[in-house]
file structure-v5.cif (mmCIF, C-alpha atoms)
data_query
#
loop_
_atom_site.group_PDB
_atom_site.id
_atom_site.type_symbol
_atom_site.label_atom_id
_atom_site.label_comp_id
_atom_site.auth_asym_id
_atom_site.auth_seq_id
_atom_site.Cartn_x
_atom_site.Cartn_y
_atom_site.Cartn_z
ATOM 1 C CA MET A 1 18.808 -6.260 -25.156
ATOM 2 C CA THR A 2 17.568 -9.414 -23.480
ATOM 3 C CA GLY A 3 16.948 -12.987 -24.601
ATOM 4 C CA ILE A 4 18.911 -15.350 -26.830
ATOM 5 C CA VAL A 5 21.616 -13.906 -29.080
ATOM 6 C CA PRO A 6 23.655 -16.367 -31.174
ATOM 7 C CA ILE A 7 27.311 -15.855 -32.011
ATOM 8 C CA LEU A 8 27.532 -16.520 -35.734
ATOM 9 C CA GLN A 9 29.995 -19.001 -37.184
ATOM 10 C CA LEU A 10 31.563 -18.056 -40.502
ATOM 11 C CA SER A 11 31.377 -20.603 -43.285
ATOM 12 C CA PHE A 12 34.552 -20.954 -45.353
ATOM 13 C CA ASP A 13 35.403 -23.142 -48.290
ATOM 14 C CA GLU A 14 38.491 -25.341 -48.165
ATOM 15 C CA GLY A 15 40.627 -22.477 -49.448
ATOM 16 C CA GLY A 16 39.442 -20.084 -46.766
ATOM 17 C CA ALA A 17 37.015 -17.944 -48.787
ATOM 18 C CA VAL A 18 33.889 -16.747 -46.966
ATOM 19 C CA LEU A 19 30.704 -18.459 -48.204
ATOM 20 C CA TYR A 20 28.126 -15.683 -48.016
ATOM 21 C CA GLY A 21 25.247 -17.932 -49.046
ATOM 22 C CA ASP A 22 25.894 -20.100 -45.981
ATOM 23 C CA LEU A 23 26.128 -16.975 -43.821
ATOM 24 C CA GLU A 24 22.685 -15.848 -44.976
ATOM 25 C CA ALA A 25 21.263 -19.339 -44.396
ATOM 26 C CA GLU A 26 22.691 -19.264 -40.879
ATOM 27 C CA ILE A 27 21.050 -15.918 -40.128
ATOM 28 C CA ASP A 28 17.726 -17.237 -41.446
ATOM 29 C CA PHE A 29 18.091 -20.333 -39.245
ATOM 30 C CA ALA A 30 18.602 -18.105 -36.206
ATOM 31 C CA LEU A 31 15.739 -15.744 -36.987
ATOM 32 C CA ASN A 32 13.355 -18.633 -37.639
ATOM 33 C CA ALA A 33 14.306 -20.023 -34.219
ATOM 34 C CA GLY A 34 13.127 -16.810 -32.582
ATOM 35 C CA VAL A 35 16.398 -15.210 -31.498
ATOM 36 C CA HIS A 36 16.425 -11.739 -29.973
ATOM 37 C CA GLY A 37 19.634 -10.526 -31.611
ATOM 38 C CA ILE A 38 22.553 -11.561 -33.840
ATOM 39 C CA ALA A 39 26.216 -11.232 -32.874
ATOM 40 C CA LEU A 40 29.648 -11.459 -34.454
ATOM 41 C CA GLY A 41 32.155 -12.335 -31.738
ATOM 42 C CA VAL A 42 35.366 -14.161 -30.942
ATOM 43 C CA ALA A 43 33.867 -17.492 -32.048
ATOM 44 C CA SER A 44 33.059 -15.916 -35.433
ATOM 45 C CA GLU A 45 36.792 -15.930 -36.262
ATOM 46 C CA LEU A 46 36.782 -12.174 -36.850
ATOM 47 C CA ASN A 47 40.422 -12.162 -35.752
ATOM 48 C CA LYS A 48 41.273 -14.273 -38.819
ATOM 49 C CA LEU A 49 39.860 -11.738 -41.288
ATOM 50 C CA SER A 50 41.630 -8.879 -43.004
ATOM 51 C CA ASP A 51 40.240 -5.393 -42.339
ATOM 52 C CA ILE A 52 38.534 -5.430 -45.746
ATOM 53 C CA GLU A 53 37.020 -8.868 -45.121
ATOM 54 C CA ARG A 54 35.899 -7.791 -41.658
ATOM 55 C CA ASP A 55 33.975 -4.856 -43.141
ATOM 56 C CA GLN A 56 32.491 -7.092 -45.836
ATOM 57 C CA VAL A 57 31.282 -9.694 -43.318
ATOM 58 C CA ILE A 58 29.817 -7.117 -40.927
ATOM 59 C CA SER A 59 28.069 -5.365 -43.820
ATOM 60 C CA ALA A 60 26.665 -8.639 -45.161
ATOM 61 C CA VAL A 61 25.281 -9.615 -41.749
ATOM 62 C CA ILE A 62 23.674 -6.236 -41.106
ATOM 63 C CA LYS A 63 22.203 -6.139 -44.609
ATOM 64 C CA HIS A 64 20.654 -9.614 -44.306
ATOM 65 C CA VAL A 65 19.350 -9.079 -40.775
ATOM 66 C CA ASN A 66 17.757 -5.895 -42.152
ATOM 67 C CA GLY A 67 16.796 -4.474 -38.774
ATOM 68 C CA ARG A 68 14.698 -7.454 -37.717
ATOM 69 C CA VAL A 69 16.747 -7.835 -34.518
ATOM 70 C CA PRO A 70 19.661 -5.845 -33.046
ATOM 71 C CA THR A 71 23.192 -6.691 -34.186
ATOM 72 C CA VAL A 72 26.122 -6.908 -31.768
ATOM 73 C CA ILE A 73 29.653 -6.558 -33.158
ATOM 74 C CA SER A 74 32.818 -7.483 -31.276
ATOM 75 C CA THR A 75 35.161 -4.493 -31.538
ATOM 76 C CA SER A 76 37.799 -5.379 -28.950
ATOM 77 C CA GLY A 77 41.418 -4.524 -29.611
ATOM 78 C CA PRO A 78 44.688 -4.601 -27.694
ATOM 79 C CA SER A 79 44.805 -0.799 -27.598
ATOM 80 C CA THR A 80 42.292 1.919 -26.797
ATOM 81 C CA ALA A 81 42.830 3.538 -30.196
ATOM 82 C CA LEU A 82 42.145 0.326 -32.117
ATOM 83 C CA THR A 83 39.064 -0.426 -30.028
ATOM 84 C CA ILE A 84 37.712 3.065 -30.735
ATOM 85 C CA SER A 85 38.443 2.697 -34.452
ATOM 86 C CA ARG A 86 36.710 -0.682 -34.689
ATOM 87 C CA SER A 87 33.730 0.583 -32.694
ATOM 88 C CA HIS A 88 33.372 3.632 -34.956
ATOM 89 C CA ARG A 89 33.426 1.333 -37.962
ATOM 90 C CA ALA A 90 30.786 -0.978 -36.482
ATOM 91 C CA LEU A 91 28.528 2.042 -35.978
ATOM 92 C CA GLU A 92 29.181 3.330 -39.512
ATOM 93 C CA LEU A 93 28.253 -0.068 -40.951
ATOM 94 C CA GLY A 94 24.977 -0.136 -39.025
ATOM 95 C CA GLY A 95 25.717 -2.195 -35.912
ATOM 96 C CA SER A 96 23.422 -1.780 -32.925
ATOM 97 C CA MET A 97 25.925 -2.447 -30.151
ATOM 98 C CA ALA A 98 29.672 -2.925 -29.679
ATOM 99 C CA MET A 99 30.860 -5.838 -27.535
ATOM 100 C CA ILE A 100 34.220 -5.142 -25.917
ATOM 101 C CA SER A 101 36.460 -7.331 -23.764
ATOM 102 C CA PRO A 102 39.725 -6.039 -22.236
ATOM 103 C CA ASP A 103 41.951 -7.904 -24.705
ATOM 104 C CA GLY A 104 45.618 -7.414 -23.946
ATOM 105 C CA PHE A 105 44.911 -5.924 -20.524
ATOM 106 C CA GLY A 106 45.430 -9.111 -18.485
ATOM 107 C CA GLY A 107 47.071 -8.305 -15.169
ATOM 108 C CA PHE A 108 46.621 -4.544 -15.572
ATOM 109 C CA PRO A 109 45.381 -2.541 -12.561
ATOM 110 C CA ALA A 110 41.606 -2.187 -12.578
ATOM 111 C CA GLU A 111 41.881 1.599 -12.914
ATOM 112 C CA ASP A 112 43.760 1.219 -16.199
ATOM 113 C CA VAL A 113 41.032 -1.021 -17.578
ATOM 114 C CA ARG A 114 38.420 1.425 -16.301
ATOM 115 C CA ARG A 115 40.136 4.336 -18.075
ATOM 116 C CA HIS A 116 40.280 2.280 -21.278
ATOM 117 C CA TYR A 117 36.546 1.582 -21.266
ATOM 118 C CA ASN A 118 35.593 5.133 -20.359
ATOM 119 C CA ALA A 119 37.817 6.545 -23.105
ATOM 120 C CA VAL A 120 36.043 4.308 -25.630
ATOM 121 C CA ALA A 121 32.604 5.292 -24.313
ATOM 122 C CA GLU A 122 33.453 9.000 -24.592
ATOM 123 C CA ALA A 123 34.709 8.592 -28.154
ATOM 124 C CA ILE A 124 31.802 6.675 -29.719
ATOM 125 C CA ASP A 125 28.035 6.970 -29.830
ATOM 126 C CA ILE A 126 27.010 3.322 -29.646
ATOM 127 C CA PRO A 127 25.893 1.162 -26.693
ATOM 128 C CA ILE A 128 28.656 -1.036 -25.299
ATOM 129 C CA MET A 129 28.337 -4.567 -23.964
ATOM 130 C CA LEU A 130 31.070 -5.354 -21.466
ATOM 131 C CA GLN A 131 32.486 -8.793 -22.231
ATOM 132 C CA ASP A 132 33.977 -10.567 -19.222
ATOM 133 C CA ARG A 133 35.673 -13.771 -20.294
ATOM 134 C CA THR A 134 38.445 -16.053 -19.114
ATOM 135 C CA GLY A 135 41.745 -14.476 -20.127
ATOM 136 C CA ALA A 136 40.157 -11.030 -20.445
ATOM 137 C CA SER A 137 38.161 -10.696 -17.242
ATOM 138 C CA ILE A 138 36.198 -7.797 -15.790
ATOM 139 C CA ALA A 139 35.559 -8.201 -12.073
ATOM 140 C CA PRO A 140 31.957 -7.652 -10.910
ATOM 141 C CA THR A 141 33.164 -4.661 -8.880
ATOM 142 C CA LEU A 142 34.551 -3.040 -12.039
ATOM 143 C CA MET A 143 31.373 -3.836 -13.992
ATOM 144 C CA ALA A 144 29.342 -1.976 -11.380
ATOM 145 C CA GLN A 145 31.762 0.980 -11.415
ATOM 146 C CA LEU A 146 31.573 1.236 -15.200
ATOM 147 C CA ALA A 147 27.779 1.164 -15.094
ATOM 148 C CA ASP A 148 27.968 4.174 -12.767
ATOM 149 C CA ASP A 149 30.597 5.896 -14.924
ATOM 150 C CA HIS A 150 28.812 6.085 -18.256
ATOM 151 C CA GLU A 151 25.346 5.482 -19.667
ATOM 152 C CA SER A 152 26.811 3.471 -22.556
ATOM 153 C CA PHE A 153 27.510 0.586 -20.160
ATOM 154 C CA ARG A 154 24.141 -1.063 -19.619
ATOM 155 C CA HIS A 155 24.907 -4.641 -20.701
ATOM 156 C CA ALA A 156 27.485 -7.233 -19.698
ATOM 157 C CA LYS A 157 28.244 -10.705 -21.029
ATOM 158 C CA VAL A 158 29.579 -12.724 -18.112
ATOM 159 C CA GLU A 159 31.646 -15.793 -19.002
ATOM 160 C CA THR A 160 34.706 -15.915 -16.776
ATOM 161 C CA LEU A 161 34.519 -19.326 -15.116
ATOM 162 C CA PRO A 162 32.841 -20.202 -12.870
ATOM 163 C CA THR A 163 30.015 -17.950 -14.054
ATOM 164 C CA PRO A 164 27.232 -18.543 -11.456
ATOM 165 C CA PRO A 165 28.998 -16.749 -8.561
ATOM 166 C CA ARG A 166 30.023 -13.907 -10.889
ATOM 167 C CA PHE A 167 26.371 -13.451 -11.862
ATOM 168 C CA ALA A 168 25.379 -13.333 -8.213
ATOM 169 C CA ASP A 169 28.105 -10.791 -7.386
ATOM 170 C CA ALA A 170 27.473 -8.601 -10.435
ATOM 171 C CA LYS A 171 23.738 -8.569 -9.779
ATOM 172 C CA ARG A 172 24.289 -7.665 -6.121
ATOM 173 C CA LEU A 173 26.731 -4.859 -6.927
ATOM 174 C CA ALA A 174 25.180 -3.401 -10.081
ATOM 175 C CA GLY A 175 21.504 -4.080 -9.433
ATOM 176 C CA ASP A 176 19.257 -3.051 -12.313
ATOM 177 C CA SER A 177 21.877 -0.770 -13.876
ATOM 178 C CA LEU A 178 23.329 -3.716 -15.840
ATOM 179 C CA THR A 179 21.535 -6.286 -17.954
ATOM 180 C CA LEU A 180 23.525 -9.512 -17.535
ATOM 181 C CA LEU A 181 23.776 -12.151 -20.271
ATOM 182 C CA GLY A 182 25.525 -15.508 -20.130
ATOM 183 C CA GLY A 183 28.039 -17.056 -22.481
ATOM 184 C CA VAL A 184 30.278 -20.147 -22.496
ATOM 185 C CA ASN A 185 27.838 -21.674 -25.000
ATOM 186 C CA GLY A 186 25.171 -21.979 -22.320
ATOM 187 C CA ALA A 187 27.204 -24.386 -20.187
ATOM 188 C CA PHE A 188 25.704 -22.835 -17.025
ATOM 189 C CA LEU A 189 22.501 -21.522 -18.601
ATOM 190 C CA ILE A 190 20.066 -22.672 -15.904
ATOM 191 C CA GLU A 191 22.318 -21.693 -13.003
ATOM 192 C CA GLU A 192 22.773 -18.230 -14.541
ATOM 193 C CA MET A 193 19.038 -17.750 -15.017
ATOM 194 C CA ASN A 194 18.536 -18.737 -11.385
ATOM 195 C CA ARG A 195 20.828 -15.814 -10.500
ATOM 196 C CA GLY A 196 19.274 -13.101 -12.617
ATOM 197 C CA SER A 197 20.521 -13.709 -16.149
ATOM 198 C CA GLU A 198 18.412 -11.894 -18.728
ATOM 199 C CA GLY A 199 19.731 -13.726 -21.748
ATOM 200 C CA ALA A 200 22.495 -15.806 -23.267
ATOM 201 C CA MET A 201 24.974 -15.357 -26.091
ATOM 202 C CA ALA A 202 26.023 -18.766 -27.359
ATOM 203 C CA SER A 203 27.241 -20.624 -30.406
ATOM 204 C CA ILE A 204 24.532 -20.858 -33.028
ATOM 205 C CA ALA A 205 24.662 -24.621 -33.621
ATOM 206 C CA LEU A 206 21.927 -25.358 -31.010
ATOM 207 C CA ILE A 207 20.281 -21.949 -30.923
ATOM 208 C CA ASP A 208 16.781 -23.273 -31.667
ATOM 209 C CA VAL A 209 16.968 -25.565 -28.633
ATOM 210 C CA LEU A 210 18.325 -22.713 -26.536
ATOM 211 C CA CYS A 211 15.400 -20.475 -27.535
ATOM 212 C CA GLU A 212 12.919 -23.184 -26.528
ATOM 213 C CA VAL A 213 14.650 -23.687 -23.175
ATOM 214 C CA TRP A 214 14.726 -19.945 -22.548
ATOM 215 C CA GLU A 215 11.037 -19.523 -23.302
ATOM 216 C CA GLY A 216 10.135 -22.568 -21.198
ATOM 217 C CA TYR A 217 12.080 -21.277 -18.216
ATOM 218 C CA ARG A 218 10.585 -17.791 -18.517
ATOM 219 C CA SER A 219 7.069 -19.222 -18.667
ATOM 220 C CA GLY A 220 7.591 -20.995 -15.347
ATOM 221 C CA GLU A 221 8.400 -24.498 -16.615
ATOM 222 C CA THR A 222 11.824 -24.368 -14.984
ATOM 223 C CA GLY A 223 12.216 -28.091 -14.326
ATOM 224 C CA ALA A 224 11.266 -29.136 -17.840
ATOM 225 C CA ALA A 225 13.521 -26.440 -19.309
ATOM 226 C CA ALA A 226 16.482 -27.598 -17.226
ATOM 227 C CA GLU A 227 15.902 -31.227 -18.161
ATOM 228 C CA ARG A 228 15.713 -30.405 -21.869
ATOM 229 C CA TRP A 229 18.933 -28.407 -21.799
ATOM 230 C CA GLU A 230 20.787 -31.001 -19.733
ATOM 231 C CA ARG A 231 20.213 -33.563 -22.500
ATOM 232 C CA HIS A 232 22.382 -31.431 -24.792
ATOM 233 C CA THR A 233 25.289 -30.639 -22.473
ATOM 234 C CA HIS A 234 27.547 -33.448 -23.750
ATOM 235 C CA LEU A 235 27.155 -32.179 -27.300
ATOM 236 C CA ILE A 236 28.005 -28.682 -26.085
ATOM 237 C CA GLU A 237 31.261 -30.025 -24.677
ATOM 238 C CA MET A 238 32.076 -31.567 -28.074
ATOM 239 C CA TYR A 239 32.149 -28.167 -29.757
ATOM 240 C CA ARG A 240 34.127 -26.579 -26.953
ATOM 241 C CA TYR A 241 37.284 -28.535 -27.852
ATOM 242 C CA GLY A 242 40.513 -26.517 -27.794
ATOM 243 C CA GLN A 243 43.206 -25.993 -30.451
ATOM 244 C CA GLY A 244 40.608 -24.721 -32.895
ATOM 245 C CA MET A 245 38.748 -28.041 -32.946
ATOM 246 C CA ASN A 246 35.690 -26.218 -31.579
ATOM 247 C CA TYR A 247 35.298 -24.488 -34.947
ATOM 248 C CA TRP A 248 35.281 -27.804 -36.789
ATOM 249 C CA MET A 249 32.719 -29.267 -34.380
ATOM 250 C CA ALA A 250 30.294 -26.326 -34.377
ATOM 251 C CA LYS A 251 30.380 -26.036 -38.159
ATOM 252 C CA GLU A 252 29.944 -29.770 -38.613
ATOM 253 C CA ILE A 253 26.758 -29.619 -36.515
ATOM 254 C CA LEU A 254 25.500 -26.785 -38.718
ATOM 255 C CA ARG A 255 26.370 -28.823 -41.821
ATOM 256 C CA LEU A 256 24.605 -31.901 -40.472
ATOM 257 C CA ARG A 257 21.543 -29.777 -39.729
ATOM 258 C CA GLY A 258 21.405 -28.497 -43.306
ATOM 259 C CA VAL A 259 22.432 -24.916 -42.504
ATOM 260 C CA PHE A 260 25.994 -24.961 -43.914
ATOM 261 C CA THR A 261 27.229 -26.514 -47.123
ATOM 262 C CA SER A 262 30.847 -26.386 -45.920
ATOM 263 C CA ALA A 263 32.343 -26.937 -42.459
ATOM 264 C CA PHE A 264 35.873 -25.551 -42.783
ATOM 265 C CA PRO A 265 37.372 -23.035 -40.359
ATOM 266 C CA ARG A 266 40.213 -20.704 -41.218
ATOM 267 C CA LEU A 267 43.561 -22.216 -40.361
ATOM 268 C CA PRO A 268 45.245 -22.739 -38.007
ATOM 269 C CA ALA A 269 42.600 -24.974 -36.461
ATOM 270 C CA HIS A 270 43.476 -28.569 -35.606
ATOM 271 C CA LYS A 271 41.118 -30.987 -37.322
ATOM 272 C CA PRO A 272 39.556 -33.637 -35.005
ATOM 273 C CA ASP A 273 39.863 -37.301 -35.926
ATOM 274 C CA GLU A 274 37.141 -39.108 -37.838
ATOM 275 C CA THR A 275 35.863 -40.732 -34.650
ATOM 276 C CA ALA A 276 34.989 -37.289 -33.254
ATOM 277 C CA PHE A 277 32.956 -36.478 -36.369
ATOM 278 C CA ARG A 278 31.143 -39.812 -36.077
ATOM 279 C CA GLU A 279 30.423 -39.155 -32.393
ATOM 280 C CA VAL A 280 28.947 -35.744 -33.194
ATOM 281 C CA ARG A 281 26.705 -37.225 -35.883
ATOM 282 C CA GLU A 282 25.497 -39.979 -33.562
ATOM 283 C CA MET A 283 24.752 -37.519 -30.770
ATOM 284 C CA CYS A 284 22.815 -35.284 -33.140
ATOM 285 C CA GLU A 285 20.810 -38.288 -34.297
ATOM 286 C CA ARG A 286 20.024 -39.404 -30.725
ATOM 287 C CA LEU A 287 18.893 -35.888 -29.824
ATOM 288 C CA GLY A 288 16.662 -35.628 -32.895
ATOM 289 C CA LEU A 289 18.593 -32.676 -34.303
ATOM 290 C CA ILE A 290 19.074 -34.284 -37.709
#
call {"tool": "encode", "arguments": {"input": "structure-v5.cif", "output": "structure tokens"}}
result
Amino acid sequence: MTGIVPILQLSFDEGGAVLYGDLEAEIDFALNAGVHGIALGVASELNKLSDIERDQVISAVIKHVNGRVPTVISTSGPSTALTISRSHRALELGGSMAMISPDGFGGFPAEDVRRHYNAVAEAIDIPIMLQDRTGASIAPTLMAQLADDHESFRHAKVETLPTPPRFADAKRLAGDSLTLLGGVNGAFLIEEMNRGSEGAMASIALIDVLCEVWEGYRSGETGAAAERWERHTHLIEMYRYGQGMNYWMAKEILRLRGVFTSAFPRLPAHKPDETAFREVREMCERLGLI
């Protein structure tokens, strides 16, 4: 898997019910933009769903994508057994790849994390994307070891900050055995591509712009691609707010762009003030997004 893979947002009504019509519209928006895959990840608020809801959402996404692009499902859990169970379920529901970060393993010796990943790989028959992120990191050395350990490990999403040196180290250590993709909503997209990135997994709100930048860079128009993406970096920061405000911001952009009818996250998620919503609208207008 290479290219641009959006992390879906889930649309909820004010009471917290999933709006499946909005979810389908979001998938159509992504596919029309030319994405190379569809993913359900941490930013999709999967952790706020019951097990039944989780299955329903995954099934709805896979059904609507209908094999047009691969589907990546986050199956991380704080135990090996739970991670295996979630990964089995993702495969049963039709997912193409499991994305797994070492949740709950912060500060553990690297060999413990390595045993965890290898136990999961031995137990399931689905490709695994290693997810290295701040708070649940996988060192480049460990990524390379895992790529040698098992054929299931052929992809890694690198987003522990700062990402550019981690890309350089992972590429040097793992070579062509790992396909590296960026994250952090594309905050270091150009720098990562300069260091061997073969794709990006980012929030869906600006995925059409991201696809255009990716294609421009790959076609050799690196300067123009960088300039286009740099114009959007302030807006990216707006939907990276903490305390759950990032969910409000990303969904508001999707609402403004006519993709969502509702922009509520599942609580708890601190709602930004009205000035923040006005600032997002004005930025979208200046950038020609709405």
call {"tool": "resolve_selection", "arguments": {"input": "structure-v5.cif", "expression": "the PyMOL selection byres ((chain A and resi 235) around 12)", "output": "PyMOL selection string"}}
result
chain A and resi 185-187+203+205-206+229-234+236-241+246+249-250+252-253+276-277+279-287+289
call {"tool": "atom_distance", "arguments": {"input": "structure-v5.cif", "atom1": "CA of Glu159 in chain A", "atom2": "CA of Ser197 in chain A"}}
result
11.7 Å
call {"tool": "resolve_selection", "arguments": {"input": "structure-v5.cif", "expression": "the PyMOL selection byres ((chain A and resi 117) around 9)", "output": "ChimeraX atom specification"}}
result
/A:80,100,102,112-116,118-122,130,146
call {"tool": "atom_distance", "arguments": {"input": "structure-v5.cif", "atom1": "CA of Arg133 in chain A", "atom2": "CA of Phe12 in chain A"}}
result
26.1 Å
call {"tool": "residues_around", "arguments": {"input": "structure-v5.cif", "residues": "range 54-65 of chain A", "least_positions_apart": "6", "cutoff": "9 Å", "atoms": "all atoms listed in the file", "output": "PyMOL selection string"}}
result
chain A and resi 10+18+20+23-24+27-28+31+38+40+46-48+71+73+89-90+93-95
call {"tool": "resolve_selection", "arguments": {"input": "structure-v5.cif", "expression": "the PyMOL selection byres ((chain A and resi 254) around 10)", "output": "list in words"}}
result
Gln9, Ser11, Asp22, Glu26, Phe29, Ile204, Ala205, Leu206, Met249, Ala250, Lys251, Glu252, Ile253, Arg255, Leu256, Arg257, Gly258, Val259, Phe260, Thr261, Ser262, Ala263 and Ile290 of chain A
call {"tool": "residues_around", "arguments": {"input": "structure-v5.cif", "residues": "Thr2 in chain A", "least_positions_apart": "2", "cutoff": "10 Å", "atoms": "all atoms listed in the file", "output": "PyMOL selection string"}}
result
chain A and resi 4-5+35-37+155+179-181+197-201
call {"tool": "write_last_selection", "arguments": {"input": "structure-v5.cif", "atoms": "C-alpha atoms", "output": "compact mmCIF listing (two decimals), in the frame of the given file"}}
result
# COMPACT_ATOMS: atom_id res chain seq x y z
CA ILE A 4 18.91 -15.35 -26.83
CA VAL A 5 21.62 -13.91 -29.08
CA VAL A 35 16.40 -15.21 -31.50
CA HIS A 36 16.42 -11.74 -29.97
CA GLY A 37 19.63 -10.53 -31.61
CA HIS A 155 24.91 -4.64 -20.70
CA THR A 179 21.54 -6.29 -17.95
CA LEU A 180 23.52 -9.51 -17.54
CA LEU A 181 23.78 -12.15 -20.27
CA SER A 197 20.52 -13.71 -16.15
CA GLU A 198 18.41 -11.89 -18.73
CA GLY A 199 19.73 -13.73 -21.75
CA ALA A 200 22.50 -15.81 -23.27
CA MET A 201 24.97 -15.36 -26.09
call {"tool": "atom_distance", "arguments": {"input": "structure-v5.cif", "atom1": "CA of Ser50 in chain A", "atom2": "CA of Asp103 in chain A"}}
result
18.3 Å
call {"tool": "axis_aligned_box", "arguments": {"input": "structure-v5.cif", "around": "range 170-187 of chain A", "padding_each_side": "3 Å", "output": "JSON"}}
result
{"center_x": 24.8, "center_y": -12.6, "center_z": -15.6, "size_x": 17.0, "size_y": 29.6, "size_z": 24.9}
call {"tool": "closest_residue", "arguments": {"input": "structure-v5.cif", "among": "A:Gly104, A:Gly67, A:Val213, A:Thr163", "to": "Ser79 in chain A", "atoms": "all atoms listed in the file"}}
result
A:Gly104
call {"tool": "closest_residue", "arguments": {"input": "structure-v5.cif", "among": "A:Ala33, A:Leu49, A:Ile7, A:Ala123", "to": "Cys211 in chain A", "atoms": "all atoms listed in the file"}}
result
A:Ala33
call {"tool": "closest_residue", "arguments": {"input": "structure-v5.cif", "among": "A:Ile84, A:Lys157, A:Pro127, A:Asn194", "to": "Gly41 in chain A", "atoms": "all atoms listed in the file"}}
result
A:Lys157
call {"tool": "residues_around", "arguments": {"input": "structure-v5.cif", "residues": "Gln145 in chain A", "least_positions_apart": "3", "cutoff": "12 Å", "atoms": "all atoms listed in the file", "output": "VMD selection string"}}
result
chain A and resid 110 to 111 113 to 115 117 to 118 130 138 to 142 148 to 151 153 to 154 170 173 to 175 177 to 178
call {"tool": "decode", "arguments": {"input": "structure-v5.cif", "residues": "range 218-269 of chain A", "atoms": "C-alpha atoms", "output": "PDB file, in the first residue's frame"}}
result
ATOM      1  CA  ARG A 218       5.653  12.512  -7.492  1.00  0.00           C
ATOM      2  CA  SER A 219       5.508  14.049 -10.963  1.00  0.00           C
ATOM      3  CA  GLY A 220       8.572  16.167 -10.212  1.00  0.00           C
ATOM      4  CA  GLU A 221       6.873  19.470  -9.358  1.00  0.00           C
ATOM      5  CA  THR A 222       8.341  19.396  -5.860  1.00  0.00           C
ATOM      6  CA  GLY A 223       8.545  23.153  -5.315  1.00  0.00           C
ATOM      7  CA  ALA A 224       4.984  23.827  -6.412  1.00  0.00           C
ATOM      8  CA  ALA A 225       3.729  20.899  -4.324  1.00  0.00           C
ATOM      9  CA  ALA A 226       5.520  22.172  -1.224  1.00  0.00           C
ATOM     10  CA  GLU A 227       4.202  25.692  -1.735  1.00  0.00           C
ATOM     11  CA  ARG A 228       0.627  24.461  -2.143  1.00  0.00           C
ATOM     12  CA  TRP A 229       0.772  22.364   1.010  1.00  0.00           C
ATOM     13  CA  GLU A 230       2.433  25.104   3.052  1.00  0.00           C
ATOM     14  CA  ARG A 231      -0.579  27.355   2.417  1.00  0.00           C
ATOM     15  CA  HIS A 232      -2.712  24.895   4.395  1.00  0.00           C
ATOM     16  CA  THR A 233      -0.459  24.263   7.392  1.00  0.00           C
ATOM     17  CA  HIS A 234      -2.159  26.821   9.669  1.00  0.00           C
ATOM     18  CA  LEU A 235      -5.516  25.173   9.052  1.00  0.00           C
ATOM     19  CA  ILE A 236      -3.949  21.807   9.851  1.00  0.00           C
ATOM     20  CA  GLU A 237      -2.863  23.177  13.218  1.00  0.00           C
ATOM     21  CA  MET A 238      -6.450  24.291  13.904  1.00  0.00           C
ATOM     22  CA  TYR A 239      -7.732  20.722  13.780  1.00  0.00           C
ATOM     23  CA  ARG A 240      -4.861  19.389  15.849  1.00  0.00           C
ATOM     24  CA  TYR A 241      -6.130  21.110  19.016  1.00  0.00           C
ATOM     25  CA  GLY A 242      -5.995  18.990  22.178  1.00  0.00           C
ATOM     26  CA  GLN A 243      -8.700  18.066  24.710  1.00  0.00           C
ATOM     27  CA  GLY A 244     -10.854  16.625  21.949  1.00  0.00           C
ATOM     28  CA  MET A 245     -11.197  19.985  20.196  1.00  0.00           C
ATOM     29  CA  ASN A 246      -9.485  18.446  17.157  1.00  0.00           C
ATOM     30  CA  TYR A 247     -12.607  16.361  16.535  1.00  0.00           C
ATOM     31  CA  TRP A 248     -14.817  19.445  16.529  1.00  0.00           C
ATOM     32  CA  MET A 249     -12.472  21.268  14.143  1.00  0.00           C
ATOM     33  CA  ALA A 250     -12.014  18.440  11.629  1.00  0.00           C
ATOM     34  CA  LYS A 251     -15.737  17.720  11.508  1.00  0.00           C
ATOM     35  CA  GLU A 252     -16.597  21.392  11.170  1.00  0.00           C
ATOM     36  CA  ILE A 253     -14.345  21.600   8.094  1.00  0.00           C
ATOM     37  CA  LEU A 254     -16.144  18.585   6.633  1.00  0.00           C
ATOM     38  CA  ARG A 255     -19.499  20.223   7.405  1.00  0.00           C
ATOM     39  CA  LEU A 256     -18.430  23.499   5.812  1.00  0.00           C
ATOM     40  CA  ARG A 257     -17.301  21.590   2.727  1.00  0.00           C
ATOM     41  CA  GLY A 258     -20.696  19.918   2.361  1.00  0.00           C
ATOM     42  CA  VAL A 259     -19.537  16.416   3.313  1.00  0.00           C
ATOM     43  CA  PHE A 260     -21.112  16.165   6.796  1.00  0.00           C
ATOM     44  CA  THR A 261     -24.534  17.296   7.912  1.00  0.00           C
ATOM     45  CA  SER A 262     -23.499  17.169  11.581  1.00  0.00           C
ATOM     46  CA  ALA A 263     -20.201  18.052  13.272  1.00  0.00           C
ATOM     47  CA  PHE A 264     -20.533  16.505  16.735  1.00  0.00           C
ATOM     48  CA  PRO A 265     -17.909  14.226  18.276  1.00  0.00           C
ATOM     49  CA  ARG A 266     -18.630  11.706  20.992  1.00  0.00           C
ATOM     50  CA  LEU A 267     -18.114  13.178  24.427  1.00  0.00           C
ATOM     51  CA  PRO A 268     -15.920  13.901  26.248  1.00  0.00           C
ATOM     52  CA  ALA A 269     -14.517  16.396  23.760  1.00  0.00           C
TER      53      ALA A 269
END
